[in-house]
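Asks: Would you mind keeping the following structure in view while I ask a few things?
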Amino acid sequence: MQPIEEQPARRISLPVCEALVGQLDHAIRNRRSIRDFDQRPIKIEQLAHLLFAGLGQVDHGRTVPSAGGLYPLELYAIANRIDGIDKGLYRYLPAAHALELLIQLDISADLAIACLGQESIAQAAAVFAIVAQFERTCRKYGDRGYRYVYIEAGHISQDIYLVATALGLGSVAIGAFFDRQVNDLLGLDGERKAAIYLHAVGHPASSP
């Protein structure tokens with residue numbers, strides 16, 4: 001018998017993907033990583049949509065899946081330019097669909113430095129920090145819980161990407177940063193709670 005890897009691979013043509021009803025298909029097809037933002041603020045309604053998409057409370061749990069329904073992740077919002085909201089650091093409260101002010105201070109420049117000088121962090125109207133409480137998942141799943149936590153961060157980030165696109169905004173996920181510096185800026189101990197992913201959102205610099 002011929003080894004499987006040497007057999008001619010059978011190819012199956014798939015149907016052309018027709019556009020879906022609504023904005024989802026547009027968002028999927030047009031999602032891009034945008035790293036240059038202009039100085040226009042985003043609206044508080046846009047911020048609300050992004051937060052809800054990332055980790056909002058719904059009847060069956062949240063807008064994203066979570067291993068064991070444990071939801072070890074939190075969303076922090078660094079507000080740089082948002083209509084009706086002071087600059088500062090906020091924590092999203094999904095059950096109340098509200099923001100809790102943690103620090104009323106412009107930390108955008110320091111955060112950009114902590115992200116290896118990436119200007120998109122300082123330019124963005126808002127930066128979302130996905131914060132992990134590993135113990136919440138690892139208590140049940142052991143070391144494999146770390147994998148689940150990082151997978152779930154990807155779910156949140158992709159939702160933010162798609163909703164930002166649907167809202168006409170640009171966004172970029174950022175994983176390159178100095179952990180200790182970012183955690184210090186966000187008031188996290190880096191062990192019980194730690195930032196594992198950042199996501200910058202704003203108006204693309206090239207848009208009218």
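Residues in the structure tokens are named by chain (A, B, ... in the order shown) and by number from 1 within that chain; ligands are numbered from 1 in the order shown.
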Run DSSP on the backbone and give me the residues of range 9-132 of chain A it puts in strand (DSSP E), as a VMD selection string.

Replies: chain A and resid 57 to 58 61 to 62 73 to 79 88 to 93 98 to 103 126 to 132

Asks: Could you name the residues that touch range 200-202 of chain A at 7 Å or less, counting only C-alpha atoms, but leaving out those on the same chain fewer than 4 positions away, as a list in words?

Replies: Phe37, Ile42, Ser120, Ile121, Ala124, Ala125, Ala126, Val127, Phe128, Leu169, Gly170, Ser171, Val172 and Ala173 of chain A

Asks: Any chance you can output those residues with C-alpha atoms as a PDB file, in the first residue's frame?

Replies:
ATOM      1  CA  PHE A  37      -4.915  56.552  13.762  1.00  0.00           C
ATOM      2  CA  ILE A  42     -14.669  57.882  19.193  1.00  0.00           C
ATOM      3  CA  SER A 120      -0.490  53.061  17.579  1.00  0.00           C
ATOM      4  CA  ILE A 121      -0.925  52.748  21.352  1.00  0.00           C
ATOM      5  CA  ALA A 124      -5.488  55.248  19.432  1.00  0.00           C
ATOM      6  CA  ALA A 125      -8.679  56.723  20.820  1.00  0.00           C
ATOM      7  CA  ALA A 126      -8.957  53.714  23.126  1.00  0.00           C
ATOM      8  CA  VAL A 127      -6.795  50.765  24.075  1.00  0.00           C
ATOM      9  CA  PHE A 128      -8.300  47.612  25.513  1.00  0.00           C
ATOM     10  CA  LEU A 169     -13.077  52.126  12.950  1.00  0.00           C
ATOM     11  CA  GLY A 170      -9.608  50.651  12.702  1.00  0.00           C
ATOM     12  CA  SER A 171      -7.990  48.364  15.229  1.00  0.00           C
ATOM     13  CA  VAL A 172      -4.861  46.342  15.870  1.00  0.00           C
ATOM     14  CA  ALA A 173      -4.083  43.617  18.382  1.00  0.00           C
TER      15      ALA A 173
END

Asks: Could you give me, as JSON, numbers by chain, the residues within 6 Å of range 70-80 of chain A, counting only C-alpha atoms and dropping anything in the same chain fewer than 6 positions from it?

Replies: {"A": [87, 88, 89, 90, 91, 92, 125, 126, 127, 128, 129, 130, 131, 132, 133, 136]}

Asks: Next, dump the selected residues to file, keeping only C-alpha atoms, as a JSON list (two decimals), in the first residue's frame.

Replies:
[["chain", "number", "residue", "atom", "x", "y", "z"],
["A", 87, "LYS", "CA", -8.85, 60.25, 30.01],
["A", 88, "GLY", "CA", -7.88, 57.41, 32.25],
["A", 89, "LEU", "CA", -7.99, 53.72, 33.02],
["A", 90, "TYR", "CA", -11.32, 51.94, 33.41],
["A", 91, "ARG", "CA", -12.50, 48.38, 34.08],
["A", 92, "TYR", "CA", -15.50, 47.01, 32.23],
["A", 125, "ALA", "CA", -8.68, 56.72, 20.82],
["A", 126, "ALA", "CA", -8.96, 53.71, 23.13],
["A", 127, "VAL", "CA", -6.79, 50.77, 24.07],
["A", 128, "PHE", "CA", -8.30, 47.61, 25.51],
["A", 129, "ALA", "CA", -6.26, 45.45, 27.84],
["A", 130, "ILE", "CA", -7.29, 41.81, 28.20],
["A", 131, "VAL", "CA", -6.44, 40.87, 31.77],
["A", 132, "ALA", "CA", -6.18, 37.26, 32.93],
["A", 133, "GLN", "CA", -6.89, 35.66, 36.27],
["A", 136, "ARG", "CA", -9.79, 30.84, 38.00]]

Asks: What is the distance between CA of Arg192 in chain A and CA of Gly117 in chain A, in Å to one decimal?

Replies: 26.5 Å

Asks: Among range 35-204 of chain A, which ones does DSSP place in alpha helix (DSSP H), written as JSON, numbers by chain?

Replies: {"A": [44, 45, 46, 47, 48, 49, 50, 51, 52, 53, 54, 55, 108, 109, 110, 111, 112, 113, 114, 119, 120, 121, 122, 123, 134, 135, 136, 137, 138, 139, 140, 141, 144, 145, 146, 147, 148, 149, 150, 151, 152, 153, 154, 155, 156, 157, 158, 159, 160, 161, 162, 163, 164, 165, 166, 179, 180, 181, 182, 183, 184, 185, 186]}

Asks: Would you mind exporting C-alpha atoms of the selected residues as a compact mmCIF listing (two decimals), in the first residue's frame?

Replies:
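Result file follows (result-v8.txt):
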# COMPACT_ATOMS: atom_id res chain seq x y z
CA ILE A 44 -19.17 56.53 23.90
CA GLU A 45 -21.74 54.47 21.99
CA GLN A 46 -18.95 52.98 19.90
CA LEU A 47 -16.97 52.19 23.02
CA ALA A 48 -20.03 50.47 24.49
CA HIS A 49 -20.42 48.28 21.39
CA LEU A 50 -16.75 47.27 21.50
CA LEU A 51 -16.83 46.36 25.18
CA PHE A 52 -20.08 44.44 24.87
CA ALA A 53 -18.77 42.49 21.88
CA GLY A 54 -15.60 41.63 23.77
CA LEU A 55 -17.07 40.44 27.05
CA SER A 108 -1.04 56.70 26.72
CA ALA A 109 2.58 57.85 26.33
CA ASP A 110 3.88 55.57 29.09
CA LEU A 111 1.85 52.67 27.72
CA ALA A 112 3.34 53.18 24.25
CA ILE A 113 6.84 53.07 25.73
CA ALA A 114 5.95 49.86 27.56
CA GLU A 119 2.91 54.63 18.23
CA SER A 120 -0.49 53.06 17.58
CA ILE A 121 -0.93 52.75 21.35
CA ALA A 122 -0.48 56.49 21.87
CA GLN A 123 -2.46 57.44 18.73
CA PHE A 134 -5.22 32.34 35.51
CA GLU A 135 -6.10 30.68 38.80
CA ARG A 136 -9.79 30.84 38.00
CA THR A 137 -9.30 28.38 35.14
CA CYS A 138 -6.22 26.49 36.33
CA ARG A 139 -7.97 25.56 39.57
CA LYS A 140 -10.18 23.26 37.49
CA TYR A 141 -7.99 22.35 34.52
CA ARG A 144 -3.87 23.15 30.58
CA GLY A 145 -5.91 26.05 31.90
CA TYR A 146 -3.20 28.44 30.70
CA ARG A 147 -3.89 27.33 27.12
CA TYR A 148 -7.61 27.90 27.56
CA VAL A 149 -7.07 31.40 28.93
CA TYR A 150 -4.96 32.46 25.95
CA ILE A 151 -7.44 30.93 23.52
CA GLU A 152 -10.22 32.93 25.15
CA ALA A 153 -8.20 36.13 24.79
CA GLY A 154 -8.20 35.47 21.04
CA HIS A 155 -12.00 35.19 21.06
CA ILE A 156 -12.30 38.61 22.70
CA SER A 157 -9.78 40.23 20.39
CA GLN A 158 -11.46 38.93 17.24
CA ASP A 159 -14.85 40.23 18.40
CA ILE A 160 -13.28 43.66 18.93
CA TYR A 161 -11.73 43.50 15.46
CA LEU A 162 -15.04 42.67 13.78
CA VAL A 163 -17.15 45.21 15.64
CA ALA A 164 -14.55 47.95 15.10
CA THR A 165 -14.71 47.20 11.36
CA ALA A 166 -18.52 47.27 11.40
CA ASP A 179 4.85 42.66 30.93
CA ARG A 180 6.03 44.26 34.14
CA GLN A 181 5.74 47.81 32.84
CA VAL A 182 2.26 47.27 31.42
CA ASN A 183 1.05 45.52 34.56
CA ASP A 184 2.42 48.35 36.71
CA LEU A 185 0.58 50.94 34.61
CA LEU A 186 -2.66 49.00 34.95

Asks: Please, what distance in Å, to one decimal, runs between CA of Asp38 in chain A and CA of Ile82 in chain A?

Replies: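 Those two atoms sit 13.0 Å apart.
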